[in-house]
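Everything below concerns the one structure shown next.
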Amino acid sequence: MRRAESFRIEGRVQGVGYRWWAVGAARRLGLCGWVRNLGDGSVELLAIGEADVIERLAELCRQGPRAAEVSAVIRAPAEDDSSEGFEERATV
């Protein structure tokens with residue numbers, strides 16, 4: 001059963017390859033969804049897949065790529081937008 005969850009990742013997460021890293025991590029885990037930068041300096045991510053796999057991504061997101069300094073990962077239930085695969089989206 002597919003589940004959807006949104007993540008807002010805060011800290012030093014833009015300009016450090018976080019989106020590129022998140023795409024790779026989510027694809028390796030077999031998740032669907034997307035990731036994008038937000039105008040306030042945070043990163044938004046939608047993860048769709050099995051609950052335990054989404055939980056694993058959440059753990060990874062707290063670390064991020066080497067240059068990132070994650071201060072918070074805020075999670076919330078989300079709607080499944082029917083994404084297939086995992087992609088990087090434009091900044092909003």
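In the structure tokens, chains take letters A, B, ... by order of appearance, with residues numbered from 1 within each chain and ligands from 1 in the order shown.
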
Can you list every residue in chain A that DSSP puts in helix (DSSP H, G or I), as a short mmCIF file (atom, residue, chain, number, x, y, z; two decimals) with all heavy atoms, in the first residue's frame?
data_model
loop_
_atom_site.label_atom_id
_atom_site.label_comp_id
_atom_site.auth_asym_id
_atom_site.auth_seq_id
_atom_site.Cartn_x
_atom_site.Cartn_y
_atom_site.Cartn_z
N TYR A 18 21.88 19.07 -1.81
CA TYR A 18 20.88 18.29 -1.08
C TYR A 18 19.84 17.67 -2.01
O TYR A 18 19.51 16.49 -1.86
CB TYR A 18 20.19 19.15 -0.01
CG TYR A 18 19.51 18.31 1.05
CD1 TYR A 18 20.13 18.08 2.27
CD2 TYR A 18 18.27 17.71 0.82
CE1 TYR A 18 19.54 17.28 3.24
CE2 TYR A 18 17.68 16.92 1.78
CZ TYR A 18 18.31 16.71 2.98
OH TYR A 18 17.72 15.91 3.92
N ARG A 19 19.33 18.43 -2.95
CA ARG A 19 18.32 17.87 -3.87
C ARG A 19 18.88 16.71 -4.67
O ARG A 19 18.24 15.67 -4.79
CB ARG A 19 17.77 18.95 -4.81
CG ARG A 19 16.86 19.94 -4.12
CD ARG A 19 16.39 21.00 -5.07
NE ARG A 19 17.56 21.72 -5.57
CZ ARG A 19 17.55 22.55 -6.60
NH1 ARG A 19 16.45 22.76 -7.30
NH2 ARG A 19 18.64 23.17 -6.97
N TRP A 20 20.05 16.88 -5.22
CA TRP A 20 20.70 15.83 -6.00
C TRP A 20 20.88 14.58 -5.14
O TRP A 20 20.59 13.47 -5.55
CB TRP A 20 22.04 16.35 -6.53
CG TRP A 20 22.82 15.32 -7.27
CD1 TRP A 20 22.69 14.99 -8.59
CD2 TRP A 20 23.85 14.48 -6.74
NE1 TRP A 20 23.58 13.98 -8.91
CE2 TRP A 20 24.31 13.66 -7.79
CE3 TRP A 20 24.44 14.36 -5.50
CZ2 TRP A 20 25.31 12.73 -7.62
CZ3 TRP A 20 25.44 13.43 -5.32
CH2 TRP A 20 25.86 12.62 -6.38
N TRP A 21 21.36 14.79 -3.91
CA TRP A 21 21.55 13.69 -2.98
C TRP A 21 20.21 13.00 -2.65
O TRP A 21 20.12 11.78 -2.62
CB TRP A 21 22.20 14.22 -1.69
CG TRP A 21 22.23 13.22 -0.61
CD1 TRP A 21 23.18 12.27 -0.38
CD2 TRP A 21 21.23 13.02 0.39
NE1 TRP A 21 22.83 11.50 0.70
CE2 TRP A 21 21.63 11.95 1.18
CE3 TRP A 21 20.02 13.65 0.67
CZ2 TRP A 21 20.88 11.49 2.26
CZ3 TRP A 21 19.26 13.21 1.74
CH2 TRP A 21 19.70 12.13 2.52
N ALA A 22 19.16 13.80 -2.40
CA ALA A 22 17.85 13.25 -2.05
C ALA A 22 17.26 12.42 -3.19
O ALA A 22 16.66 11.36 -2.94
CB ALA A 22 16.88 14.37 -1.67
N VAL A 23 17.44 12.85 -4.43
CA VAL A 23 16.96 12.07 -5.57
C VAL A 23 17.63 10.71 -5.58
O VAL A 23 16.97 9.67 -5.72
CB VAL A 23 17.21 12.83 -6.91
CG1 VAL A 23 17.01 11.90 -8.10
CG2 VAL A 23 16.30 14.05 -7.02
N GLY A 24 18.94 10.67 -5.40
CA GLY A 24 19.66 9.40 -5.39
C GLY A 24 19.22 8.50 -4.25
O GLY A 24 19.00 7.30 -4.45
N ALA A 25 19.07 9.07 -3.05
CA ALA A 25 18.66 8.27 -1.89
C ALA A 25 17.26 7.69 -2.10
O ALA A 25 17.02 6.51 -1.85
CB ALA A 25 18.70 9.13 -0.63
N ALA A 26 16.33 8.52 -2.55
CA ALA A 26 14.95 8.06 -2.74
C ALA A 26 14.86 7.00 -3.85
O ALA A 26 14.14 6.01 -3.70
CB ALA A 26 14.05 9.25 -3.08
N ARG A 27 15.60 7.21 -4.92
CA ARG A 27 15.59 6.22 -6.00
C ARG A 27 16.18 4.89 -5.55
O ARG A 27 15.66 3.83 -5.90
CB ARG A 27 16.33 6.75 -7.22
CG ARG A 27 15.56 7.82 -7.97
CD ARG A 27 16.34 8.33 -9.15
NE ARG A 27 15.57 9.33 -9.89
CZ ARG A 27 16.06 10.08 -10.84
NH1 ARG A 27 17.35 9.95 -11.21
NH2 ARG A 27 15.31 10.97 -11.45
N ARG A 28 17.27 4.94 -4.79
CA ARG A 28 17.87 3.70 -4.29
C ARG A 28 16.89 2.94 -3.39
O ARG A 28 16.90 1.71 -3.37
CB ARG A 28 19.16 3.99 -3.52
CG ARG A 28 20.35 4.24 -4.42
CD ARG A 28 21.65 4.29 -3.63
NE ARG A 28 21.70 5.37 -2.66
CZ ARG A 28 21.99 6.64 -2.95
NH1 ARG A 28 22.26 7.00 -4.20
NH2 ARG A 28 22.02 7.56 -2.00
N LEU A 29 16.06 3.66 -2.67
CA LEU A 29 15.07 3.03 -1.79
C LEU A 29 13.80 2.61 -2.53
O LEU A 29 12.94 1.95 -1.96
CB LEU A 29 14.70 3.99 -0.65
CG LEU A 29 15.80 4.26 0.37
CD1 LEU A 29 15.41 5.40 1.30
CD2 LEU A 29 16.12 3.00 1.16
N ALA A 51 5.57 2.47 4.25
CA ALA A 51 5.84 3.25 5.46
C ALA A 51 7.25 3.04 6.00
O ALA A 51 7.93 4.00 6.38
CB ALA A 51 4.81 2.92 6.53
N ASP A 52 7.72 1.80 6.04
CA ASP A 52 9.05 1.53 6.59
C ASP A 52 10.16 2.11 5.71
O ASP A 52 11.20 2.53 6.21
CB ASP A 52 9.27 0.04 6.84
CG ASP A 52 9.14 -0.81 5.59
OD1 ASP A 52 8.36 -0.45 4.69
OD2 ASP A 52 9.81 -1.85 5.52
N VAL A 53 9.92 2.17 4.42
CA VAL A 53 10.92 2.74 3.51
C VAL A 53 10.94 4.26 3.64
O VAL A 53 12.01 4.88 3.63
CB VAL A 53 10.65 2.30 2.05
CG1 VAL A 53 11.69 2.87 1.11
CG2 VAL A 53 10.62 0.78 1.95
N ILE A 54 9.77 4.86 3.80
CA ILE A 54 9.71 6.31 4.04
C ILE A 54 10.43 6.65 5.35
O ILE A 54 11.14 7.64 5.44
CB ILE A 54 8.26 6.81 4.05
CG1 ILE A 54 7.65 6.69 2.65
CG2 ILE A 54 8.18 8.25 4.56
CD1 ILE A 54 6.17 7.01 2.56
N GLU A 55 10.28 5.80 6.35
CA GLU A 55 10.97 6.01 7.63
C GLU A 55 12.48 5.97 7.43
O GLU A 55 13.22 6.78 8.02
CB GLU A 55 10.54 4.94 8.63
CG GLU A 55 11.04 5.20 10.02
CD GLU A 55 10.52 6.49 10.62
OE1 GLU A 55 9.34 6.83 10.42
OE2 GLU A 55 11.32 7.19 11.28
N ARG A 56 12.96 5.07 6.61
CA ARG A 56 14.40 4.99 6.32
C ARG A 56 14.88 6.27 5.63
O ARG A 56 15.94 6.80 5.96
CB ARG A 56 14.70 3.76 5.45
CG ARG A 56 16.13 3.63 5.04
CD ARG A 56 17.05 3.35 6.23
NE ARG A 56 18.43 3.29 5.79
CZ ARG A 56 19.42 3.99 6.33
NH1 ARG A 56 19.21 4.75 7.37
NH2 ARG A 56 20.64 3.89 5.85
N LEU A 57 14.07 6.79 4.68
CA LEU A 57 14.44 8.04 4.02
C LEU A 57 14.50 9.18 5.04
O LEU A 57 15.40 10.01 4.98
CB LEU A 57 13.47 8.38 2.89
CG LEU A 57 13.79 9.69 2.15
CD1 LEU A 57 15.12 9.57 1.40
CD2 LEU A 57 12.67 10.05 1.19
N ALA A 58 13.56 9.21 5.97
CA ALA A 58 13.56 10.25 7.00
C ALA A 58 14.86 10.23 7.80
O ALA A 58 15.44 11.28 8.10
CB ALA A 58 12.36 10.08 7.92
N GLU A 59 15.32 9.04 8.15
CA GLU A 59 16.60 8.90 8.86
C GLU A 59 17.75 9.46 8.03
O GLU A 59 18.61 10.18 8.54
CB GLU A 59 16.86 7.44 9.20
CG GLU A 59 15.91 6.85 10.20
CD GLU A 59 16.04 5.33 10.31
OE1 GLU A 59 17.04 4.77 9.80
OE2 GLU A 59 15.14 4.72 10.89
N LEU A 60 17.75 9.13 6.75
CA LEU A 60 18.81 9.62 5.86
C LEU A 60 18.74 11.14 5.71
O LEU A 60 19.77 11.81 5.66
CB LEU A 60 18.70 8.94 4.50
CG LEU A 60 18.99 7.44 4.46
CD1 LEU A 60 18.63 6.86 3.10
CD2 LEU A 60 20.45 7.16 4.81
N CYS A 61 17.53 11.69 5.64
CA CYS A 61 17.36 13.13 5.45
C CYS A 61 17.91 13.93 6.63
O CYS A 61 18.31 15.07 6.46
CB CYS A 61 15.89 13.48 5.23
SG CYS A 61 15.30 13.09 3.57
N ARG A 62 17.92 13.34 7.80
CA ARG A 62 18.49 14.03 8.97
C ARG A 62 20.00 14.22 8.82
O ARG A 62 20.58 15.10 9.46
CB ARG A 62 18.18 13.25 10.25
CG ARG A 62 16.74 13.34 10.65
CD ARG A 62 16.47 12.62 11.97
NE ARG A 62 15.05 12.46 12.17
CZ ARG A 62 14.36 11.37 11.83
NH1 ARG A 62 14.97 10.33 11.30
NH2 ARG A 62 13.05 11.31 12.03
N GLN A 63 20.63 13.38 8.00
CA GLN A 63 22.06 13.49 7.74
C GLN A 63 22.32 14.33 6.49
O GLN A 63 23.09 15.27 6.54
CB GLN A 63 22.67 12.09 7.53
CG GLN A 63 22.49 11.16 8.71
CD GLN A 63 23.17 11.66 9.96
OE1 GLN A 63 24.31 12.11 9.91
NE2 GLN A 63 22.47 11.62 11.07
#

Query raised in the report: Near Ala78 of chain A, counting only C-alpha atoms, which residues have an atom at most 8 Å away, once you skip same-chain residues fewer than 2 positions from it, shown as an MDAnalysis selection string?
Result: chainID A and resid 4:6 46 76 80

Considering only C-alpha atoms, return as a PDB file with N, CA and C atoms, in the first residue's frame whatever protein or nucleic-acid residues lie within 6 Å of segment 71-75 of chain A, sequence-local ones (same chain, fewer than 5 positions apart) excluded.
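Below is the file that was written, selection-v1.pdb:
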ATOM      1  N   SER A   6       5.063  14.277   3.456  1.00  0.00           N
ATOM      2  CA  SER A   6       5.858  15.440   3.066  1.00  0.00           C
ATOM      3  C   SER A   6       6.925  15.694   4.121  1.00  0.00           C
ATOM      4  N   PHE A   7       8.050  16.201   3.661  1.00  0.00           N
ATOM      5  CA  PHE A   7       9.169  16.546   4.520  1.00  0.00           C
ATOM      6  C   PHE A   7       9.552  17.993   4.230  1.00  0.00           C
ATOM      7  N   ARG A   8       9.867  18.727   5.264  1.00  0.00           N
ATOM      8  CA  ARG A   8      10.474  20.053   5.120  1.00  0.00           C
ATOM      9  C   ARG A   8      11.799  19.955   5.861  1.00  0.00           C
ATOM     10  N   ILE A   9      12.886  20.121   5.120  1.00  0.00           N
ATOM     11  CA  ILE A   9      14.214  19.978   5.693  1.00  0.00           C
ATOM     12  C   ILE A   9      14.806  21.371   5.851  1.00  0.00           C
ATOM     13  N   GLU A  10      15.198  21.699   7.071  1.00  0.00           N
ATOM     14  CA  GLU A  10      15.712  23.031   7.376  1.00  0.00           C
ATOM     15  C   GLU A  10      17.168  22.968   7.793  1.00  0.00           C
ATOM     16  N   GLY A  11      17.832  24.101   7.664  1.00  0.00           N
ATOM     17  CA  GLY A  11      19.247  24.210   8.011  1.00  0.00           C
ATOM     18  C   GLY A  11      20.029  24.686   6.801  1.00  0.00           C
TER      19      GLY A  11
END

Requested in this report: Assign secondary structure with DSSP using the backbone only, and return the residues of chain A in strand (DSSP E or B) as a VMD selection string.
Outcome: chain A and resid 3 to 12 32 to 37 43 to 49 69 to 77 86 to 88

Requested in this report: Work out how far apart atom CA of Gly15 of chain A and atom CA of Glu87 of chain A are and give it in Å to one decimal.
Outcome: 17.6 Å

**Report entry** Residue neighbourhood Glu50 of chain A, 9 Å, only C-alpha atoms, exclusion window fewer than 6 positions, as a ChimeraX atom specification
**Finding:** /A:1-4,31

Query raised in the report: Just how far from atom CA of Arg89 of chain A is atom CA of Cys32 of chain A, in Å to one decimal?
Result: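 So the answer is 13.1 Å.
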
Requested in this report: Show which residues sit within 12 Å of Gly17 of chain A, as an NGL selection string. Count only C-alpha atoms, and ignore same-chain residues fewer than 4 positions away.
Outcome: :A and (12-13 or 21-24 or 35-37 or 43 or 64-69 or 88)

Report task. Using atom CA of Glu79 of chain A and atom CA of Asp40 of chain A as the two end points, give the distance in Å to one decimal. Result -> 22.9 Å

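Taking only C-alpha atoms into account, Glu84 of chain A lies nearest to A:Ile48 out of the set A:Ile48, A:Leu38, A:Val16, A:Val70.
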
Report task. Using only C-alpha atoms, pick whichever of A:Pro77, A:Gln14, A:Gly49, A:Gly85 has the shortest atom-to-atom distance to Trp34 of chain A. Result ->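 Selected residue with least distance to Trp34 of chain A: A:Gly85.
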